file target.txt (compact mmCIF, C-alpha atoms and all ligand atoms)
# COMPACT_ATOMS: atom_id res chain seq x y z
CA MET A 1 -35.38 0.13 -21.99
CA LEU A 2 -33.74 2.19 -19.26
CA PHE A 3 -36.00 3.60 -16.54
CA LYS A 4 -34.18 6.56 -15.04
CA ASP A 5 -34.57 7.90 -11.53
CA ILE A 6 -37.78 5.99 -10.85
CA THR A 7 -39.45 4.74 -7.64
CA ILE A 8 -39.66 0.94 -7.68
CA ILE A 9 -41.50 -1.67 -5.64
CA ASP A 10 -38.60 -4.08 -5.13
CA GLY A 11 -38.48 -7.87 -4.71
CA SER A 12 -39.41 -7.60 -1.03
CA PHE A 13 -42.35 -5.34 -1.91
CA THR A 14 -40.78 -2.24 -0.43
CA ALA A 15 -40.61 1.08 -2.26
CA GLN A 16 -37.15 2.33 -3.24
CA LYS A 17 -36.77 5.81 -4.64
CA HIS A 18 -34.36 7.13 -7.29
CA ARG A 19 -33.54 3.81 -8.94
CA TYR A 20 -32.26 2.98 -12.41
CA VAL A 21 -33.73 -0.14 -13.99
CA ARG A 22 -32.66 -1.66 -17.29
CA THR A 23 -34.48 -4.30 -19.31
CA GLU A 24 -32.84 -6.21 -22.15
CA GLY A 25 -34.87 -8.69 -24.17
CA ALA A 26 -37.39 -10.31 -21.86
CA TYR A 27 -35.39 -9.69 -18.65
CA ILE A 28 -34.54 -7.12 -16.03
CA THR A 29 -30.77 -6.89 -16.22
CA TYR A 30 -29.88 -4.01 -13.91
CA ILE A 31 -31.26 -2.27 -10.83
CA GLY A 32 -29.20 0.31 -9.01
CA THR A 33 -28.87 3.79 -7.60
CA GLU A 34 -26.21 4.69 -10.17
CA ALA A 35 -27.12 5.63 -13.74
CA PRO A 36 -25.55 3.05 -16.06
CA GLU A 37 -24.05 4.20 -19.33
CA GLU A 38 -26.73 4.34 -22.01
CA LEU A 39 -26.56 1.65 -24.65
CA PRO A 40 -26.74 2.65 -28.31
CA GLY A 41 -30.37 2.90 -29.45
CA GLU A 42 -31.70 2.23 -25.95
CA GLU A 43 -35.16 3.59 -25.18
CA ILE A 44 -35.22 5.86 -22.13
CA CYS A 45 -38.12 6.33 -19.71
CA ASP A 46 -37.87 9.41 -17.50
CA GLY A 47 -38.95 8.01 -14.15
CA ARG A 48 -39.43 11.23 -12.21
CA ASN A 49 -42.84 11.21 -10.52
CA LYS A 50 -43.40 7.65 -11.71
CA ALA A 51 -43.46 4.25 -10.01
CA LEU A 52 -42.32 0.94 -11.48
CA VAL A 53 -44.56 -1.84 -10.13
CA PRO A 54 -44.54 -5.57 -10.96
CA ALA A 55 -47.32 -6.35 -13.46
CA PHE A 56 -50.32 -8.31 -12.20
CA TYR A 57 -51.01 -12.04 -12.44
CA ASN A 58 -54.75 -12.61 -12.66
CA VAL A 59 -55.02 -16.23 -11.61
CA HIS A 60 -58.70 -16.95 -12.20
CA CYS A 61 -60.45 -15.70 -15.29
CA HIS A 62 -62.77 -16.74 -18.10
CA VAL A 63 -61.65 -14.07 -20.52
CA PRO A 64 -64.03 -14.78 -23.45
CA MET A 65 -66.93 -14.09 -21.06
CA THR A 66 -66.43 -10.40 -21.79
CA LEU A 67 -69.08 -11.16 -24.45
CA LEU A 68 -71.54 -11.94 -21.63
CA ARG A 69 -70.87 -8.76 -19.67
CA GLY A 70 -74.11 -7.61 -18.09
CA TYR A 71 -76.02 -10.62 -19.39
CA GLY A 72 -77.92 -12.46 -16.64
CA GLU A 73 -77.86 -9.96 -13.80
CA GLY A 74 -79.36 -10.61 -10.38
CA LEU A 75 -79.48 -14.42 -10.33
CA PRO A 76 -77.85 -16.78 -7.80
CA LEU A 77 -74.98 -18.92 -9.11
CA GLN A 78 -76.83 -22.09 -10.15
CA ARG A 79 -79.76 -20.30 -11.86
CA TRP A 80 -77.36 -17.80 -13.45
CA LEU A 81 -75.36 -20.70 -14.94
CA ASN A 82 -78.31 -22.84 -16.05
CA GLU A 83 -80.71 -20.19 -17.31
CA ARG A 84 -78.38 -17.61 -18.83
CA ILE A 85 -74.73 -18.59 -19.16
CA PHE A 86 -74.90 -22.17 -20.48
CA PRO A 87 -77.50 -21.41 -23.24
CA PHE A 88 -75.46 -18.38 -24.42
CA GLU A 89 -72.21 -20.35 -24.34
CA ALA A 90 -73.75 -23.14 -26.43
CA LYS A 91 -73.93 -20.63 -29.31
CA LEU A 92 -70.28 -19.54 -29.16
CA THR A 93 -68.09 -20.36 -32.17
CA PRO A 94 -64.28 -20.47 -31.91
CA GLN A 95 -64.21 -17.08 -33.68
CA ASP A 96 -66.59 -15.63 -31.06
CA ILE A 97 -64.24 -16.90 -28.38
CA VAL A 98 -61.30 -15.22 -30.09
CA ASN A 99 -63.30 -11.98 -30.32
CA GLY A 100 -64.18 -12.12 -26.61
CA THR A 101 -60.60 -13.02 -25.69
CA LEU A 102 -59.17 -10.04 -27.54
CA LEU A 103 -61.75 -7.70 -26.00
CA GLY A 104 -60.67 -9.01 -22.60
CA ALA A 105 -57.00 -8.56 -23.51
CA LEU A 106 -57.60 -4.85 -24.20
CA GLU A 107 -59.11 -4.47 -20.78
CA LEU A 108 -56.57 -6.64 -18.98
CA VAL A 109 -53.42 -4.93 -20.21
CA ALA A 110 -54.81 -1.43 -19.64
CA ALA A 111 -55.55 -2.39 -16.03
CA GLY A 112 -52.10 -3.88 -15.46
CA SER A 113 -52.33 -7.63 -16.03
CA ALA A 114 -49.37 -9.37 -17.65
CA SER A 115 -50.80 -12.85 -17.34
CA ILE A 116 -54.02 -14.73 -16.69
CA SER A 117 -54.99 -18.24 -15.66
CA ASP A 118 -58.01 -18.89 -17.78
CA MET A 119 -60.60 -21.65 -17.92
CA TYR A 120 -62.79 -21.82 -21.00
CA PHE A 121 -63.07 -23.70 -24.28
CA SER A 122 -61.57 -23.40 -27.80
CA ILE A 123 -58.36 -23.04 -25.83
CA ASN A 124 -56.02 -23.40 -28.80
CA GLU A 125 -57.68 -20.41 -30.49
CA MET A 126 -57.53 -18.52 -27.19
CA ALA A 127 -53.82 -19.25 -26.89
CA GLU A 128 -53.15 -17.80 -30.33
CA ALA A 129 -55.24 -14.72 -29.55
CA LEU A 130 -53.57 -14.03 -26.20
CA ASP A 131 -50.16 -14.58 -27.75
CA ARG A 132 -51.06 -12.08 -30.47
CA ALA A 133 -51.99 -9.61 -27.71
CA GLY A 134 -48.51 -10.12 -26.22
CA MET A 135 -49.89 -11.53 -22.98
CA LYS A 136 -48.87 -14.54 -20.95
CA ALA A 137 -51.49 -17.07 -19.97
CA ASN A 138 -52.06 -20.46 -18.37
CA ILE A 139 -55.03 -21.78 -20.29
CA CYS A 140 -57.23 -24.74 -19.52
CA HIS A 141 -60.46 -26.26 -20.77
CA GLY A 142 -63.01 -26.46 -17.94
CA ILE A 143 -63.66 -30.19 -18.37
CA SER A 144 -67.03 -31.48 -17.14
CA SER A 145 -69.30 -34.49 -17.72
CA PHE A 146 -72.22 -36.12 -15.93
CA ASP A 147 -71.84 -39.46 -17.74
CA PRO A 148 -70.48 -42.08 -15.28
CA GLU A 149 -69.02 -44.06 -18.22
CA GLN A 150 -67.24 -41.04 -19.71
CA LYS A 151 -63.67 -41.69 -20.86
CA LEU A 152 -61.54 -38.59 -20.47
CA ALA A 153 -59.65 -39.41 -23.67
CA ASP A 154 -62.89 -39.09 -25.66
CA LEU A 155 -63.61 -35.55 -24.53
CA PRO A 156 -62.69 -32.85 -27.09
CA GLY A 157 -61.63 -30.51 -24.25
CA TYR A 158 -59.05 -33.04 -23.14
CA ARG A 159 -57.73 -33.47 -26.67
CA ASP A 160 -57.49 -29.66 -26.98
CA THR A 161 -55.53 -29.60 -23.72
CA LEU A 162 -53.02 -32.17 -25.01
CA ARG A 163 -52.66 -30.27 -28.29
CA LEU A 164 -51.96 -27.02 -26.46
CA ALA A 165 -49.48 -28.75 -24.14
CA ARG A 166 -47.72 -30.18 -27.19
CA ASP A 167 -47.49 -26.76 -28.89
CA VAL A 168 -46.16 -25.18 -25.69
CA LYS A 169 -43.52 -27.90 -25.40
CA ALA A 170 -42.52 -27.44 -29.04
CA GLY A 171 -41.76 -23.78 -28.35
CA VAL A 172 -44.66 -22.34 -30.40
CA TYR A 173 -45.27 -19.69 -27.72
CA GLY A 174 -41.73 -18.55 -27.09
CA GLY A 175 -40.49 -21.31 -24.79
CA LYS A 176 -37.46 -23.52 -25.22
CA ALA A 177 -38.20 -26.06 -27.95
CA GLY A 178 -38.41 -29.54 -26.44
CA THR A 179 -39.38 -28.50 -22.91
CA GLY A 180 -41.47 -25.37 -23.40
CA GLU A 181 -39.58 -23.78 -20.50
CA GLY A 182 -40.20 -20.02 -20.33
CA SER A 183 -43.21 -20.23 -22.68
CA ARG A 184 -45.54 -17.23 -22.54
CA ILE A 185 -48.52 -19.57 -22.94
CA ARG A 186 -48.82 -22.66 -20.74
CA ALA A 187 -51.40 -25.42 -20.73
CA ASP A 188 -53.10 -26.40 -17.47
CA MET A 189 -55.51 -29.27 -16.91
CA GLY A 190 -58.96 -27.85 -16.19
CA LEU A 191 -61.63 -29.43 -14.05
CA HIS A 192 -64.72 -27.24 -13.99
CA ALA A 193 -65.95 -28.25 -10.52
CA GLU A 194 -67.06 -31.10 -8.28
CA TYR A 195 -70.71 -30.37 -9.08
CA THR A 196 -70.23 -30.68 -12.85
CA SER A 197 -68.32 -33.97 -12.89
CA THR A 198 -68.43 -37.59 -11.79
CA GLU A 199 -65.89 -39.20 -9.47
CA GLY A 200 -64.62 -41.35 -12.34
CA LEU A 201 -63.88 -38.27 -14.41
CA VAL A 202 -62.18 -36.47 -11.51
CA ARG A 203 -59.89 -39.46 -10.95
CA GLN A 204 -59.03 -39.69 -14.65
CA ILE A 205 -58.18 -35.98 -14.70
CA ALA A 206 -55.89 -36.37 -11.69
CA GLU A 207 -54.07 -39.27 -13.35
CA ALA A 208 -53.76 -37.52 -16.70
CA ALA A 209 -52.45 -34.31 -15.11
CA ALA A 210 -49.79 -36.25 -13.20
CA GLU A 211 -48.80 -38.16 -16.32
CA GLU A 212 -48.65 -35.09 -18.57
CA LYS A 213 -46.99 -33.00 -15.80
CA LEU A 214 -49.72 -30.35 -15.97
CA ALA A 215 -51.04 -28.22 -13.13
CA ILE A 216 -54.77 -28.29 -12.36
CA HIS A 217 -57.17 -25.35 -12.30
CA VAL A 218 -60.52 -25.97 -10.61
CA HIS A 219 -63.45 -24.14 -8.95
CA ILE A 220 -63.61 -25.04 -5.24
CA SER A 221 -66.14 -24.21 -2.51
CA GLU A 222 -67.40 -21.07 -4.19
CA THR A 223 -70.84 -21.11 -2.52
CA GLU A 224 -72.05 -22.61 0.72
CA THR A 225 -74.74 -24.54 -1.19
CA GLU A 226 -72.14 -26.15 -3.45
CA HIS A 227 -69.89 -26.95 -0.48
CA GLU A 228 -72.74 -28.57 1.49
CA ALA A 229 -74.17 -30.44 -1.52
CA CYS A 230 -70.74 -32.00 -2.05
CA ARG A 231 -70.76 -33.23 1.53
CA GLU A 232 -74.14 -34.85 0.97
CA ARG A 233 -73.03 -36.52 -2.25
CA HIS A 234 -69.67 -37.73 -0.98
CA GLY A 235 -70.19 -39.08 2.53
CA GLY A 236 -69.59 -35.84 4.42
CA ARG A 237 -66.47 -34.92 2.49
CA THR A 238 -65.87 -31.29 1.48
CA PRO A 239 -64.85 -30.49 -2.12
CA ILE A 240 -61.16 -30.28 -1.08
CA ARG A 241 -61.24 -33.54 0.92
CA TYR A 242 -62.96 -35.27 -2.01
CA MET A 243 -60.57 -33.80 -4.61
CA ALA A 244 -57.60 -34.81 -2.46
CA ASP A 245 -58.98 -38.37 -2.20
CA CYS A 246 -59.26 -38.44 -6.01
CA GLY A 247 -55.60 -37.37 -6.38
CA ILE A 248 -56.28 -33.88 -7.71
CA LEU A 249 -53.99 -32.22 -5.15
CA ASP A 250 -51.05 -34.43 -6.06
CA VAL A 251 -50.19 -31.98 -8.84
CA PRO A 252 -49.85 -28.18 -8.47
CA MET A 253 -53.32 -26.72 -8.06
CA GLN A 254 -54.93 -23.34 -8.62
CA ALA A 255 -58.19 -23.52 -6.65
CA ALA A 256 -60.55 -20.70 -7.58
CA HIS A 257 -62.77 -19.03 -4.94
CA CYS A 258 -62.20 -21.13 -1.78
CA VAL A 259 -64.79 -19.07 0.09
CA TRP A 260 -66.00 -21.87 2.36
CA LEU A 261 -62.86 -23.88 3.24
CA THR A 262 -62.86 -25.73 6.57
CA ASP A 263 -59.79 -25.87 8.80
CA GLU A 264 -59.14 -29.37 7.47
CA ASP A 265 -59.39 -28.10 3.86
CA THR A 266 -56.85 -25.38 4.58
CA ALA A 267 -54.48 -27.90 6.13
CA ILE A 268 -54.83 -30.29 3.16
CA MET A 269 -54.17 -27.50 0.68
CA ARG A 270 -51.16 -26.20 2.61
CA GLU A 271 -49.70 -29.68 2.84
CA HIS A 272 -49.96 -30.07 -0.95
CA GLY A 273 -48.81 -26.52 -1.78
CA ALA A 274 -52.14 -25.76 -3.49
CA VAL A 275 -52.99 -22.12 -4.12
CA ALA A 276 -56.33 -20.54 -3.18
CA VAL A 277 -57.34 -17.91 -5.71
CA HIS A 278 -59.30 -15.11 -4.08
CA ASN A 279 -61.92 -13.45 -6.32
CA PRO A 280 -63.45 -10.83 -4.03
CA SER A 281 -65.55 -8.90 -6.59
CA SER A 282 -67.13 -12.00 -8.10
CA ASN A 283 -67.86 -13.53 -4.69
CA LEU A 284 -69.55 -10.35 -3.54
CA LYS A 285 -71.48 -9.75 -6.75
CA LEU A 286 -72.91 -13.28 -6.90
CA GLY A 287 -73.61 -13.25 -3.18
CA SER A 288 -71.27 -16.18 -2.58
CA GLY A 289 -69.61 -14.76 0.55
CA ILE A 290 -66.19 -13.50 1.59
CA ALA A 291 -63.13 -15.75 1.74
CA PRO A 292 -61.39 -15.36 5.14
CA VAL A 293 -58.03 -14.38 3.67
CA ARG A 294 -56.35 -13.30 6.89
CA ASP A 295 -57.19 -16.66 8.39
CA TYR A 296 -55.84 -18.51 5.34
CA LEU A 297 -52.60 -16.53 5.33
CA SER A 298 -52.08 -17.03 9.06
CA LYS A 299 -52.39 -20.79 8.49
CA GLY A 300 -49.74 -20.68 5.78
CA LEU A 301 -52.09 -21.20 2.83
CA ARG A 302 -50.85 -19.69 -0.42
CA VAL A 303 -53.28 -17.09 -1.77
CA ALA A 304 -53.32 -15.39 -5.17
CA LEU A 305 -55.85 -13.02 -6.74
CA GLY A 306 -58.16 -13.20 -9.73
CA THR A 307 -60.99 -11.28 -11.34
CA ASP A 308 -63.10 -14.26 -12.49
CA GLY A 309 -65.04 -13.71 -15.74
CA ALA A 310 -66.62 -10.44 -16.81
CA SER A 311 -70.15 -11.76 -16.41
CA SER A 312 -69.66 -12.20 -12.68
CA ASN A 313 -67.50 -9.19 -11.81
CA ASN A 314 -68.19 -7.25 -14.31
CA ASN A 315 -64.69 -6.22 -15.37
CA LEU A 316 -61.19 -7.68 -15.50
CA ASN A 317 -59.55 -4.93 -13.48
CA MET A 318 -56.96 -6.31 -11.05
CA MET A 319 -56.64 -2.89 -9.41
CA GLU A 320 -60.18 -3.34 -8.13
CA GLU A 321 -59.41 -6.82 -6.79
CA ILE A 322 -56.33 -5.49 -5.00
CA HIS A 323 -58.34 -2.71 -3.43
CA MET A 324 -61.28 -4.95 -2.59
CA ALA A 325 -59.09 -7.71 -1.08
CA ALA A 326 -57.31 -5.24 1.18
CA MET A 327 -60.54 -3.58 2.34
CA LEU A 328 -62.47 -6.81 2.92
CA ALA A 329 -59.72 -8.52 4.91
CA ARG A 330 -59.66 -5.58 7.29
CA GLY A 331 -63.40 -4.97 7.41
CA VAL A 332 -64.47 -8.49 8.25
CA THR A 333 -61.79 -8.98 10.91
CA ARG A 334 -62.10 -5.44 12.30
CA ASP A 335 -58.33 -5.32 12.20
CA ALA A 336 -56.56 -2.52 10.31
CA ASN A 337 -53.46 -4.71 10.24
CA ALA A 338 -55.19 -7.86 8.94
CA VAL A 339 -53.32 -7.93 5.65
CA SER A 340 -50.67 -5.39 4.74
CA ALA A 341 -50.64 -3.44 1.48
CA ALA A 342 -47.40 -5.23 0.58
CA ASP A 343 -49.03 -8.64 1.21
CA ILE A 344 -51.92 -7.81 -1.10
CA LEU A 345 -49.55 -6.61 -3.80
CA ARG A 346 -47.49 -9.78 -3.41
CA MET A 347 -50.67 -11.87 -3.90
CA ALA A 348 -51.49 -9.96 -7.09
CA THR A 349 -48.00 -10.45 -8.52
CA LEU A 350 -45.44 -12.91 -7.12
CA GLU A 351 -47.92 -15.40 -5.64
CA GLY A 352 -49.83 -15.44 -8.93
CA ALA A 353 -46.67 -15.99 -10.97
CA LYS A 354 -45.62 -18.85 -8.69
CA ALA A 355 -49.12 -20.34 -8.91
CA GLN A 356 -48.71 -20.36 -12.70
CA GLY A 357 -45.38 -22.17 -12.42
CA ARG A 358 -43.32 -19.15 -13.50
CA PRO A 359 -40.48 -18.90 -10.99
CA ASP A 360 -38.68 -16.01 -12.73
CA CYS A 361 -41.75 -13.73 -12.83
CA GLY A 362 -43.80 -11.54 -10.52
CA ARG A 363 -41.19 -9.31 -8.91
CA ILE A 364 -38.70 -6.59 -9.80
CA GLU A 365 -35.26 -8.16 -9.43
CA PRO A 366 -32.30 -8.55 -11.77
CA GLY A 367 -32.65 -11.83 -13.70
CA CYS A 368 -36.45 -11.79 -13.51
CA ARG A 369 -38.73 -11.36 -16.49
CA ALA A 370 -39.57 -7.75 -17.31
CA ASP A 371 -43.30 -7.74 -16.52
CA LEU A 372 -43.54 -4.13 -15.47
CA LEU A 373 -46.09 -1.37 -14.98
CA VAL A 374 -45.39 2.34 -14.84
CA PHE A 375 -47.77 4.35 -12.67
CA ASP A 376 -47.92 8.10 -13.19
CA LEU A 377 -47.69 9.58 -9.70
CA ASP A 378 -48.21 13.12 -10.95
CA ARG A 379 -51.91 12.96 -10.08
CA PRO A 380 -53.72 14.75 -7.25
CA HIS A 381 -54.86 11.49 -5.61
CA LEU A 382 -51.28 10.10 -5.52
CA GLN A 383 -49.62 13.11 -3.89
CA PRO A 384 -47.75 13.42 -1.67
CA ASP A 385 -46.03 10.15 -2.54
CA TYR A 386 -45.02 9.34 1.03
CA ASP A 387 -45.79 5.57 0.95
CA THR A 388 -45.77 4.29 -2.63
CA VAL A 389 -46.98 0.78 -1.75
CA ALA A 390 -50.01 2.21 0.08
CA ASN A 391 -50.55 4.61 -2.80
CA VAL A 392 -50.69 1.76 -5.32
CA VAL A 393 -52.95 -0.43 -3.18
CA PHE A 394 -55.32 2.13 -1.68
CA ALA A 395 -55.25 5.29 -3.78
CA ALA A 396 -54.30 4.43 -7.36
CA GLN A 397 -56.74 3.76 -10.19
CA SER A 398 -56.06 1.60 -13.23
CA SER A 399 -56.11 4.80 -15.30
CA ASP A 400 -52.86 5.78 -13.54
CA ILE A 401 -51.09 2.95 -15.41
CA VAL A 402 -49.29 4.58 -18.33
CA LEU A 403 -47.21 1.60 -19.47
CA ASN A 404 -47.54 -2.19 -19.39
CA MET A 405 -44.48 -4.21 -20.43
CA ILE A 406 -44.73 -8.00 -20.71
CA ASP A 407 -41.53 -10.04 -21.15
CA GLY A 408 -39.74 -6.81 -22.05
CA ARG A 409 -42.23 -5.85 -24.76
CA VAL A 410 -44.41 -2.76 -24.34
CA VAL A 411 -48.01 -3.75 -25.10
CA TYR A 412 -49.75 -0.62 -23.77
CA ARG A 413 -48.57 2.95 -23.39
CA ASN A 414 -50.45 6.16 -22.57
CA GLY A 415 -53.82 4.72 -23.55
CA GLU A 416 -52.53 3.24 -26.83
CA TYR A 417 -52.35 -0.47 -27.64
CA LEU A 418 -49.23 -1.62 -29.43
CA THR A 419 -50.33 -5.17 -30.24
CA LEU A 420 -54.07 -4.84 -30.92
CA ASP A 421 -56.38 -2.64 -32.99
CA LYS A 422 -58.78 -1.43 -30.31
CA GLU A 423 -61.60 -0.25 -32.63
CA ARG A 424 -61.52 -3.47 -34.63
CA VAL A 425 -61.54 -5.67 -31.52
CA ILE A 426 -64.50 -3.83 -29.96
CA PHE A 427 -66.42 -3.96 -33.26
CA ASP A 428 -65.85 -7.71 -33.72
CA ALA A 429 -66.84 -8.51 -30.13
CA ASN A 430 -70.11 -6.61 -30.51
CA GLN A 431 -70.83 -8.39 -33.79
CA SER A 432 -70.45 -11.75 -32.00
CA PHE A 433 -72.67 -10.61 -29.12
CA ARG A 434 -75.46 -9.39 -31.40
CA ARG A 435 -75.45 -12.54 -33.52
CA ILE A 436 -75.68 -14.82 -30.47
CA LEU A 437 -78.45 -12.74 -28.95
CA SER A 438 -80.43 -13.00 -32.18
CA GLU A 439 -80.11 -16.81 -32.08
CA LEU A 440 -81.34 -17.22 -28.50
ZN ZN A 501 -64.71 -19.08 -12.43

call {"tool": "encode", "arguments": {"input": "target.txt", "output": "structure tokens"}}
result
Amino acid sequence: MLFKDITIIDGSFTAQKHRYVRTEGAYITYIGTEAPEELPGEEICDGRNKALVPAFYNVHCHVPMTLLRGYGEGLPLQRWLNERIFPFEAKLTPQDIVNGTLLGALELVAAGSASISDMYFSINEMAEALDRAGMKANICHGISSFDPEQKLADLPGYRDTLRLARDVKAGVYGGKAGTGEGSRIRADMGLHAEYTSTEGLVRQIAEAAAEEKLAIHVHISETETEHEACRERHGGRTPIRYMADCGILDVPMQAAHCVWLTDEDTAIMREHGAVAVHNPSSNLKLGSGIAPVRDYLSKGLRVALGTDGASSNNNLNMMEEIHMAAMLARGVTRDANAVSAADILRMATLEGAKAQGRPDCGRIEPGCRADLLVFDLDRPHLQPDYDTVANVVFAAQSSDIVLNMIDGRVVYRNGEYLTLDKERVIFDANQSFRRILSEL
């Protein structure tokens, strides 16, 4: 596709007007101020009054939880999990999980996500569903067990993880056969949390992840209660200190929430190159607190953004997280310069792509993957378009996104889905929801 005369947010997260951008296959192949000669059969996008923005990387999600949207409102984290979420989840079949995943995919692509890091179960079915939707995803099974004798190898979630990793490596999801390099779907090792596992299990997960060369996705210090309870259980050690002692940080790590990190935690994570995934909406909605993002960034901690699942947010709209993250960082520090609009956008794109182990994604540069959004600027709330980055971060709505291209393939355009049947997906998801409700 050739985007003509369009405003772009470039690789340094600065707006550049009147640019020409070409994509060929999965890649961006040209960016310039001169119009290149049109190729035969090339699709043209008239970029006047439009902005080309890198697509979003939503680095903490539980996408099938769209089925639980609005179910279990008003409870604190532990009661919400034990009384509502876990009993509902026990009824989910793999087909239900596919139905919830596809419902989430509809929502995700319309609101600008190209990729998610997701922790759930039936991950092989999820991988197929997300691939069908045309999305990228790092998928993991949130492994947990309270049995001190538990062998990791005996857990079905671990076996699912190895199967997915094998498929990825074989090139089933578009990667190079043999290495899986460039695969749209990637397998991560998932550890649900410190409070849902034994030390033996955590150590086995760390070893297995290192051996299989998989990154780890884990919930860390989401609530103060969880953070303090960990200290009591583990001789004063915080969840990060404890995880580091168990070897979890020796592989690349996506650490969801990180609301209550200590200075020592931040230093440990920075040293290991671990990424804190900020989930502002979920943390506010469940009353977990506000992660001090300015502080983390000033200490050199890598920070990405995520929506978390739809039962704790209650949507998968990265535009809201971008807006919320920018507002909160400034509000809590009483500093209008706490985090710039460009920094927030970088967290939602490039930092997320890097956290997923995708070095050629997350920014608009020649040679990078074409994960691109087109925003329609011809809207009252986006005029005048003086500062496009500020417009995208502070003024734009997800409904201003008129195109979502993932790896060079358009999956969403002007409210239409090109990979999924919206009516069918919504119908199937509601069928699953009603059946489960009737069984509870
Ligand atoms: Zn979560």

call {"tool": "residues_near_ligand", "arguments": {"input": "target.txt", "ligand": "ligand ZN 501 (chain A)", "cutoff": "12 Å", "atoms": "only C-alpha atoms and all ligand atoms", "output": "ChimeraX atom specification"}}
result
/A:58-65,77,81,117-120,140-142,190-193,217-223,254-258,277-283,286,306-313

call {"tool": "atom_distance", "arguments": {"input": "target.txt", "atom1": "atom CA of Gly352 of chain A", "atom2": "atom CA of Arg302 of chain A"}}
result
9.6 Å

call {"tool": "closest_residue", "arguments": {"input": "target.txt", "among": "A:Ile85, A:Thr266, A:Cys246, A:Ile123", "to": "Glu73 of chain A", "atoms": "all atoms listed in the file"}}
result
A:Ile85

call {"tool": "closest_residue", "arguments": {"input": "target.txt", "among": "A:Asp131, A:Leu301, A:Val332, A:Val389", "to": "Glu351 of chain A", "atoms": "all atoms listed in the file"}}
result
A:Leu301

call {"tool": "residues_around", "arguments": {"input": "target.txt", "residues": "Gln95 of chain A", "least_positions_apart": "2", "cutoff": "10 Å", "atoms": "all atoms listed in the file", "output": "MDAnalysis selection string"}}
result
chainID A and resid 92:93 97:101 122 125:126 428:429 432

call {"tool": "atom_distance", "arguments": {"input": "target.txt", "atom1": "atom CA of Ser144 of chain A", "atom2": "atom CA of Gly247 of chain A"}}
result
16.8 Å

call {"tool": "residues_around", "arguments": {"input": "target.txt", "residues": "segment 233-245 of chain A", "least_positions_apart": "2", "cutoff": "8 Å", "atoms": "only C-alpha atoms", "output": "list in words"}}
result
Glu194, Val202, Ile220, Ser221, His227, Glu228, Ala229, Cys230, Arg231, Gly247, Ile248, Leu249, Asp250, Leu261, Asp265, Ile268 and Met269 of chain A

call {"tool": "residues_near_point", "arguments": {"input": "target.txt", "point": "(-48.2, -24.7, -31.6)", "cutoff": "12 Å", "atoms": "only C-alpha atoms", "output": "PyMOL selection string"}}
result
chain A and resi 123-125+127-128+131+160-175+177+180+183+185-187

call {"tool": "closest_residue", "arguments": {"input": "target.txt", "among": "A:Pro87, A:Ala51, A:Lys4, A:Tyr20", "to": "Thr388 of chain A", "atoms": "only C-alpha atoms"}}
result
A:Ala51

call {"tool": "closest_residue", "arguments": {"input": "target.txt", "among": "A:Val410, A:Leu345, A:Cys361, A:Ala395", "to": "Cys45 of chain A", "atoms": "only C-alpha atoms"}}
result
A:Val410

call {"tool": "atom_distance", "arguments": {"input": "target.txt", "atom1": "atom CA of Phe146 of chain A", "atom2": "atom CA of Val275 of chain A"}}
result
26.6 Å

call {"tool": "axis_aligned_box", "arguments": {"input": "target.txt", "around": "segment 242-259 of chain A", "padding_each_side": "6 Å", "output": "JSON"}}
result
{"center_x": -57.3, "center_y": -28.7, "center_z": -4.4, "size_x": 26.9, "size_y": 31.4, "size_z": 20.9}

call {"tool": "closest_residue", "arguments": {"input": "target.txt", "among": "A:Val303, A:Ile290, A:Val374, A:Leu106", "to": "Pro54 of chain A", "atoms": "all atoms listed in the file"}}
result
A:Val374

call {"tool": "residues_around", "arguments": {"input": "target.txt", "residues": "Asp147 of chain A", "least_positions_apart": "4", "cutoff": "9 Å", "atoms": "only C-alpha atoms", "output": "ChimeraX atom specification"}}
result
/A:197-198,201

call {"tool": "closest_residue", "arguments": {"input": "target.txt", "among": "A:Leu103, A:Trp260, A:Ser438, A:Asp385", "to": "Glu423 of chain A", "atoms": "only C-alpha atoms"}}
result
A:Leu103
